[in-house]
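Pasted below: final08.tsv, TSV, C-alpha atoms.
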```tsv
chain	number	residue	atom	x	y	z
A	1	MET	CA	24.25	15.98	-12.41
A	2	LYS	CA	22.87	12.88	-14.12
A	3	ALA	CA	20.06	13.57	-16.59
A	4	PHE	CA	16.50	12.77	-15.56
A	5	ASP	CA	15.63	9.24	-16.65
A	6	PRO	CA	11.85	8.67	-16.39
A	7	TYR	CA	12.18	4.89	-16.57
A	8	TYR	CA	14.53	4.91	-13.59
A	9	MET	CA	13.06	7.79	-11.56
A	10	MET	CA	9.41	6.85	-12.14
A	11	GLY	CA	9.26	3.22	-13.24
A	12	VAL	CA	11.59	1.67	-10.66
A	13	PRO	CA	9.90	3.21	-7.59
A	14	ALA	CA	6.46	2.21	-8.88
A	15	VAL	CA	7.55	-1.41	-9.33
A	16	LEU	CA	9.23	-1.51	-5.91
A	17	LEU	CA	6.15	-0.05	-4.23
A	18	LEU	CA	3.93	-2.62	-5.92
A	19	MET	CA	6.26	-5.41	-4.80
A	20	MET	CA	6.14	-4.06	-1.24
A	21	ALA	CA	2.35	-4.05	-1.32
A	22	LEU	CA	2.27	-7.66	-2.57
A	23	THR	CA	4.84	-8.79	0.00
A	24	ILE	CA	2.99	-7.17	2.91
A	25	GLY	CA	-0.38	-8.40	1.74
A	26	LEU	CA	0.69	-12.01	1.16
A	27	SER	CA	3.01	-12.43	4.15
A	28	GLY	CA	0.61	-11.60	6.96
A	29	LEU	CA	2.70	-8.60	8.00
A	30	ASN	CA	-0.05	-6.05	7.46
A	31	VAL	CA	-1.44	-5.94	11.00
A	32	PRO	CA	1.83	-6.19	13.01
A	33	LEU	CA	3.48	-3.65	10.70
A	34	PHE	CA	0.57	-1.26	11.14
A	35	LEU	CA	0.79	-1.49	14.94
A	36	ALA	CA	4.57	-1.07	14.91
A	37	LEU	CA	4.41	1.96	12.63
A	38	GLN	CA	1.62	3.57	14.63
A	39	HIS	CA	3.76	3.25	17.74
A	40	LEU	CA	6.81	4.67	15.95
A	41	PHE	CA	4.87	7.58	14.44
A	42	SER	CA	3.35	8.46	17.82
A	43	TYR	CA	6.63	10.14	18.76
A	44	LEU	CA	5.72	13.00	16.41
A	45	PRO	CA	2.92	15.41	17.42
A	46	ASP	CA	-0.65	15.03	16.15
A	47	ALA	CA	-0.47	18.44	14.47
A	48	PHE	CA	2.38	17.25	12.25
A	49	TRP	CA	0.48	14.20	11.04
A	50	ALA	CA	-2.75	16.17	10.59
A	51	ASN	CA	-0.97	18.67	8.34
A	52	MET	CA	0.75	15.92	6.39
A	53	THR	CA	-2.42	13.92	5.83
A	54	VAL	CA	-4.33	16.99	4.59
A	55	LEU	CA	-1.72	17.35	1.84
A	56	GLY	CA	-3.07	14.08	0.44
A	57	ASP	CA	-6.66	15.29	0.16
A	58	ALA	CA	-7.71	15.10	-3.50
A	59	LEU	CA	-8.77	18.76	-3.66
A	60	VAL	CA	-5.57	19.90	-1.97
A	61	THR	CA	-3.42	18.00	-4.47
A	62	LEU	CA	-5.32	19.61	-7.34
A	63	THR	CA	-4.58	23.04	-5.93
A	64	LEU	CA	-0.92	22.06	-5.52
A	65	LEU	CA	-0.79	21.41	-9.25
A	66	SER	CA	-2.14	24.88	-9.99
A	67	LEU	CA	0.89	26.44	-8.28
A	68	LEU	CA	3.03	25.47	-11.29
A	69	ALA	CA	0.46	26.08	-14.00
A	70	TRP	CA	1.47	29.67	-14.74
A	71	ARG	CA	4.92	28.43	-15.82
A	72	TYR	CA	4.06	24.91	-17.00
A	73	PRO	CA	0.50	24.78	-18.43
A	74	ASN	CA	0.97	21.09	-19.23
A	75	VAL	CA	0.72	20.40	-15.48
A	76	LEU	CA	-3.05	20.89	-15.44
A	77	VAL	CA	-3.64	18.63	-18.42
A	78	ALA	CA	-1.30	15.96	-17.09
A	79	GLY	CA	-2.84	16.20	-13.63
A	80	LEU	CA	-6.36	15.76	-14.90
A	81	SER	CA	-5.32	12.92	-17.21
A	82	GLY	CA	-3.55	11.08	-14.41
A	83	GLY	CA	-6.29	12.01	-11.97
A	84	LEU	CA	-8.95	10.40	-14.14
A	85	LEU	CA	-6.90	7.19	-14.26
A	86	THR	CA	-6.39	7.08	-10.50
A	87	THR	CA	-10.04	7.90	-9.81
A	88	LEU	CA	-11.23	5.07	-12.04
A	89	VAL	CA	-8.93	2.53	-10.38
A	90	VAL	CA	-9.58	3.68	-6.80
A	91	ARG	CA	-13.34	3.84	-7.30
A	92	LEU	CA	-13.24	0.36	-8.82
A	93	PHE	CA	-11.11	-1.33	-6.18
A	94	LYS	CA	-12.55	0.19	-3.00
A	95	PRO	CA	-16.06	-1.32	-3.35
A	96	LEU	CA	-14.81	-4.40	-5.20
A	97	ILE	CA	-12.38	-5.42	-2.46
A	98	GLY	CA	-14.37	-3.95	0.41
A	99	ALA	CA	-11.47	-4.12	2.84
A	100	GLU	CA	-12.12	-3.04	6.42
A	101	ARG	CA	-10.03	-0.26	7.88
A	102	PRO	CA	-7.81	-0.68	10.95
A	103	LEU	CA	-10.42	0.78	13.32
A	104	ALA	CA	-13.00	-1.80	12.25
A	105	VAL	CA	-10.55	-4.68	12.77
A	106	LEU	CA	-8.42	-3.63	15.73
A	107	GLN	CA	-10.83	-1.25	17.48
A	108	ASP	CA	-9.26	0.03	20.73
A	109	GLN	CA	-5.75	-0.93	19.59
A	110	VAL	CA	-5.86	1.82	16.96
A	111	TYR	CA	-5.10	5.45	17.71
A	112	VAL	CA	-7.41	7.52	15.50
A	113	LEU	CA	-6.75	11.14	14.62
A	114	GLY	CA	-9.56	12.67	12.61
A	115	PRO	CA	-12.80	11.04	11.48
A	116	ASP	CA	-13.64	7.43	12.38
A	117	LEU	CA	-13.43	5.34	9.20
A	118	HIS	CA	-14.41	1.68	8.99
A	119	THR	CA	-14.71	0.54	5.37
A	120	SER	CA	-13.28	1.02	1.84
A	121	SER	CA	-9.67	0.76	2.95
A	122	PHE	CA	-7.85	-0.46	-0.18
A	123	PRO	CA	-6.12	1.43	-1.73
A	124	SER	CA	-5.38	4.68	0.12
A	125	GLY	CA	-6.91	7.55	-1.85
A	126	HIS	CA	-4.87	10.21	-0.05
A	127	THR	CA	-1.64	8.37	-0.80
A	128	THR	CA	-2.62	7.91	-4.44
A	129	ALA	CA	-3.41	11.61	-4.77
A	130	ILE	CA	-0.15	12.92	-3.27
A	131	PHE	CA	2.01	10.50	-5.26
A	132	LEU	CA	0.17	11.57	-8.40
A	133	ALA	CA	0.76	15.26	-7.69
A	134	MET	CA	4.42	14.84	-6.71
A	135	GLY	CA	4.95	12.56	-9.70
A	136	ILE	CA	3.50	15.18	-12.06
A	137	TYR	CA	5.85	17.74	-10.49
A	138	ALA	CA	8.77	15.34	-11.00
A	139	MET	CA	7.93	14.65	-14.63
A	140	THR	CA	7.50	18.36	-15.31
A	141	LEU	CA	10.64	19.67	-13.61
A	142	LYS	CA	12.88	16.71	-14.58
A	143	ASN	CA	15.43	17.22	-11.82
A	144	PRO	CA	16.71	13.96	-10.27
A	145	ARG	CA	17.51	15.43	-6.85
A	146	LEU	CA	14.21	17.27	-6.71
A	147	THR	CA	12.42	14.08	-7.74
A	148	VAL	CA	13.91	12.28	-4.74
A	149	LEU	CA	12.74	15.10	-2.46
A	150	LEU	CA	9.23	15.06	-3.94
A	151	PHE	CA	9.09	11.29	-3.54
A	152	LEU	CA	10.11	11.57	0.12
A	153	VAL	CA	7.41	14.19	0.74
A	154	ALA	CA	4.87	11.81	-0.77
A	155	VAL	CA	6.19	8.98	1.45
A	156	VAL	CA	5.67	11.09	4.58
A	157	VAL	CA	2.14	12.04	3.49
A	158	GLY	CA	1.35	8.40	2.73
A	159	SER	CA	2.77	7.38	6.12
A	160	SER	CA	0.43	9.87	7.76
A	161	ARG	CA	-2.50	7.69	6.74
A	162	ILE	CA	-1.11	4.99	9.03
A	163	ALA	CA	-0.30	7.50	11.76
A	164	VAL	CA	-3.89	8.80	11.86
A	165	GLY	CA	-5.27	5.25	11.90
A	166	ALA	CA	-7.01	5.45	8.53
A	167	HIS	CA	-5.13	2.86	6.45
A	168	TRP	CA	-3.08	-0.31	6.50
A	169	PRO	CA	0.51	-0.37	5.16
A	170	VAL	CA	-0.64	-2.42	2.17
A	171	ASP	CA	-3.19	0.30	1.31
A	172	VAL	CA	-0.47	2.95	1.41
A	173	CYS	CA	2.04	0.99	-0.69
A	174	ALA	CA	-0.59	0.15	-3.31
A	175	GLY	CA	-1.83	3.74	-3.42
A	176	ALA	CA	1.73	5.01	-3.80
A	177	ALA	CA	2.44	2.63	-6.69
A	178	LEU	CA	-0.81	3.64	-8.37
A	179	GLY	CA	-0.30	7.38	-7.96
A	180	TRP	CA	3.34	7.37	-9.10
A	181	SER	CA	2.47	5.21	-12.14
A	182	CYS	CA	-0.51	7.36	-13.12
A	183	ALA	CA	1.62	10.50	-12.88
A	184	TRP	CA	3.92	8.96	-15.46
A	185	ALA	CA	0.99	7.87	-17.61
A	186	GLY	CA	-0.83	11.19	-17.25
A	187	TYR	CA	2.24	13.15	-18.30
A	188	TYR	CA	2.58	11.13	-21.51
A	189	LEU	CA	-1.14	11.15	-22.25
A	190	ALA	CA	-1.37	14.92	-21.82
A	191	PRO	CA	0.15	15.91	-25.22
A	192	ARG	CA	-2.41	13.69	-26.95
A	193	TRP	CA	-5.30	15.55	-25.33
A	194	ARG	CA	-5.51	18.26	-27.99
A	195	TRP	CA	-8.46	20.09	-26.48
A	196	GLY	CA	-6.56	20.53	-23.23
A	197	HIS	CA	-3.83	22.43	-25.06
A	198	SER	CA	-6.17	24.55	-27.18
A	199	ALA	CA	-6.92	28.15	-26.26
A	200	GLN	CA	-10.45	27.19	-25.25
A	201	GLY	CA	-9.23	24.21	-23.21
A	202	GLN	CA	-6.66	26.30	-21.36
A	203	ARG	CA	-9.32	28.87	-20.46
A	204	VAL	CA	-11.66	26.19	-19.13
A	205	LEU	CA	-8.86	24.56	-17.13
A	206	ALA	CA	-7.80	27.93	-15.70
A	207	GLY	CA	-11.35	28.59	-14.54
A	208	LEU	CA	-11.77	25.06	-13.19
A	209	PHE	CA	-8.62	25.21	-11.08
A	210	LEU	CA	-9.63	28.63	-9.77
A	211	LEU	CA	-12.85	26.98	-8.61
A	212	PHE	CA	-10.85	24.21	-6.90
A	213	ALA	CA	-8.80	26.82	-5.04
A	214	LEU	CA	-11.89	28.71	-3.87
A	215	VAL	CA	-13.64	25.53	-2.69
A	216	LEU	CA	-10.57	24.70	-0.60
A	217	PHE	CA	-11.41	27.70	1.63
A	218	VAL	CA	-14.59	25.96	2.81
A	219	LEU	CA	-13.55	22.31	2.60
A	220	ASN	CA	-14.00	20.28	5.78
A	221	THR	CA	-10.96	18.00	5.79
A	222	GLY	CA	-11.79	16.47	9.18
A	223	TYR	CA	-8.45	17.71	10.55
A	224	PRO	CA	-8.89	21.10	12.26
A	225	GLN	CA	-5.22	21.05	13.34
A	226	ALA	CA	-4.33	21.66	9.66
A	227	PHE	CA	-6.64	24.66	9.18
A	228	GLY	CA	-3.72	27.09	8.90
A	229	LEU	CA	-2.04	25.04	6.19
A	230	GLN	CA	-5.34	24.64	4.37
A	231	MET	CA	-5.95	28.41	4.30
A	232	THR	CA	-2.37	29.10	3.23
A	233	LEU	CA	-2.58	26.66	0.31
A	234	ALA	CA	-6.03	27.97	-0.66
A	235	THR	CA	-4.68	31.52	-0.75
A	236	LEU	CA	-1.56	30.65	-2.74
A	237	ALA	CA	-3.55	28.51	-5.16
A	238	THR	CA	-6.15	31.25	-5.64
A	239	VAL	CA	-3.46	33.81	-6.47
A	240	ALA	CA	-1.79	31.38	-8.89
A	241	ALA	CA	-5.12	30.46	-10.47
A	242	LEU	CA	-6.13	34.12	-10.86
A	243	PHE	CA	-2.85	34.78	-12.65
A	244	ASN	CA	-3.55	31.81	-14.90
A	245	VAL	CA	-7.07	33.09	-15.61
A	246	TRP	CA	-5.67	36.52	-16.44
A	247	LYS	CA	-3.08	34.92	-18.71
A	248	HIS	CA	-5.59	32.89	-20.74
A	249	TRP	CA	-8.78	34.96	-20.51
A	250	LEU	CA	-7.78	38.61	-20.29
A	251	ASN	CA	-4.38	38.53	-21.93
A	252	PRO	CA	-4.57	35.81	-24.61
```
This entry written out as structure tokens:
Amino acid sequence: MKAFDPYYMMGVPAVLLLMMALTIGLSGLNVPLFLALQHLFSYLPDAFWANMTVLGDALVTLTLLSLLAWRYPNVLVAGLSGGLLTTLVVRLFKPLIGAERPLAVLQDQVYVLGPDLHTSSFPSGHTTAIFLAMGIYAMTLKNPRLTVLLFLVAVVVGSSRIAVGAHWPVDVCAGAALGWSCAWAGYYLAPRWRWGHSAQGQRVLAGLFLLFALVLFVLNTGYPQAFGLQMTLATLATVAALFNVWKHWLNP
């Protein structure tokens, strides 16, 4: 099997996704592509898309990272580093651009699953979050075939934001490029965050991610169809986080 090449496995997809976002945004394809994709995605049941879109919730992606932390403690540091970068960019662009969501523009032409959203469309936060998490997994595990699988999972989750009527294709492509890039950046910034790798830092991170897992039990995602998945992930993440707490707090 060919060795994992981060410039090829991480850099090339990020550039291609950014080019797709620019092409869609500048060509006037955004609206017709959204309508075409919504029609195509309607052949799959609502429950499928609800479960997929919940995987992109920011809190859910944080708990996904904790599932690997017992074996790869760098995951938490890299995830928080990349997460801070994505949060800064998303929080900057959403109010700055002020793009209207599909429901606000197309109204009755849009099939909406979940909450009605009208503003702050660009970029897609859910897509950014899942591409960040899957990218951190890819950079940590360094397996080319697994990286392709993780990327495809992120693509499906990003596509769910179109399926549920929450985002335009350009929002999804831009969010994907941002999340995948920040995963790469977060992974390389992580070793330079000395506190995060100290004994004290690891204890704090272990406790913080345990808190994330517990909050997931009561989080209202807006998609009741995905309640089972939400509880399953919350349970798995809590078990993983408790093991990590035991590892760093009770068995240093």
(request) Write out as a list in words the residues lying within 10 Å of range 91-105 of chain A, counting all atoms listed in the file and excluding same-chain residues fewer than 6 positions away. (result)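 So, after excluding close chain neighbours, the residues are Val31, Phe34, Leu35, Tyr111, Val112, Asp116, Leu117, His118, Thr119, Ser120, Ser121, Phe122, Pro123, Ser124, Gly125, Ile162, Gly165, Ala166, His167, Trp168 and Asp171 of chain A.
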Produce a file of the selected residues containing C-alpha atoms, as a PDB file, keeping the file's coordinate frame.
```pdb
ATOM      1  CA  VAL A  31      -1.440  -5.940  11.000  1.00  0.00           C
ATOM      2  CA  PHE A  34       0.570  -1.260  11.140  1.00  0.00           C
ATOM      3  CA  LEU A  35       0.790  -1.490  14.940  1.00  0.00           C
ATOM      4  CA  TYR A 111      -5.100   5.450  17.710  1.00  0.00           C
ATOM      5  CA  VAL A 112      -7.410   7.520  15.500  1.00  0.00           C
ATOM      6  CA  ASP A 116     -13.640   7.430  12.380  1.00  0.00           C
ATOM      7  CA  LEU A 117     -13.430   5.340   9.200  1.00  0.00           C
ATOM      8  CA  HIS A 118     -14.410   1.680   8.990  1.00  0.00           C
ATOM      9  CA  THR A 119     -14.710   0.540   5.370  1.00  0.00           C
ATOM     10  CA  SER A 120     -13.280   1.020   1.840  1.00  0.00           C
ATOM     11  CA  SER A 121      -9.670   0.760   2.950  1.00  0.00           C
ATOM     12  CA  PHE A 122      -7.850  -0.460  -0.180  1.00  0.00           C
ATOM     13  CA  PRO A 123      -6.120   1.430  -1.730  1.00  0.00           C
ATOM     14  CA  SER A 124      -5.380   4.680   0.120  1.00  0.00           C
ATOM     15  CA  GLY A 125      -6.910   7.550  -1.850  1.00  0.00           C
ATOM     16  CA  ILE A 162      -1.110   4.990   9.030  1.00  0.00           C
ATOM     17  CA  GLY A 165      -5.270   5.250  11.900  1.00  0.00           C
ATOM     18  CA  ALA A 166      -7.010   5.450   8.530  1.00  0.00           C
ATOM     19  CA  HIS A 167      -5.130   2.860   6.450  1.00  0.00           C
ATOM     20  CA  TRP A 168      -3.080  -0.310   6.500  1.00  0.00           C
ATOM     21  CA  ASP A 171      -3.190   0.300   1.310  1.00  0.00           C
TER      22      ASP A 171
END
```
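Coordinates place CA of His126 in chain A at a distance of 5.4 Å from CA of Asp57 in chain A.
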(message) When you look at range 195-205 of chain A with a cut-off of 7 Å (counting all atoms listed in the file), what residues show up, excluding the ones that are within fewer than 3 positions of it in the same chain? I need them as a list in words.
(response)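 The residues satisfying every condition are Val77, Leu208, Phe209, Val245, His248 and Trp249 of chain A.
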(request) Could you please determine the separation between CA of Phe131 in chain A and CA of Trp180 in chain A in Å, to one decimal place? (result) 5.1 Å
(request) Compile the contact shell of Gly158 in chain A as a PyMOL selection string: residues with an atom at most 8 Å away, counting all atoms listed in the file, same-chain residues fewer than 3 positions apart removed. (result) chain A and resi 53+56+126-127+130+154-155+161-162+172+176
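Straight-line separation from CA of Leu211 in chain A to CA of Tyr223 in chain A: 21.7 Å.
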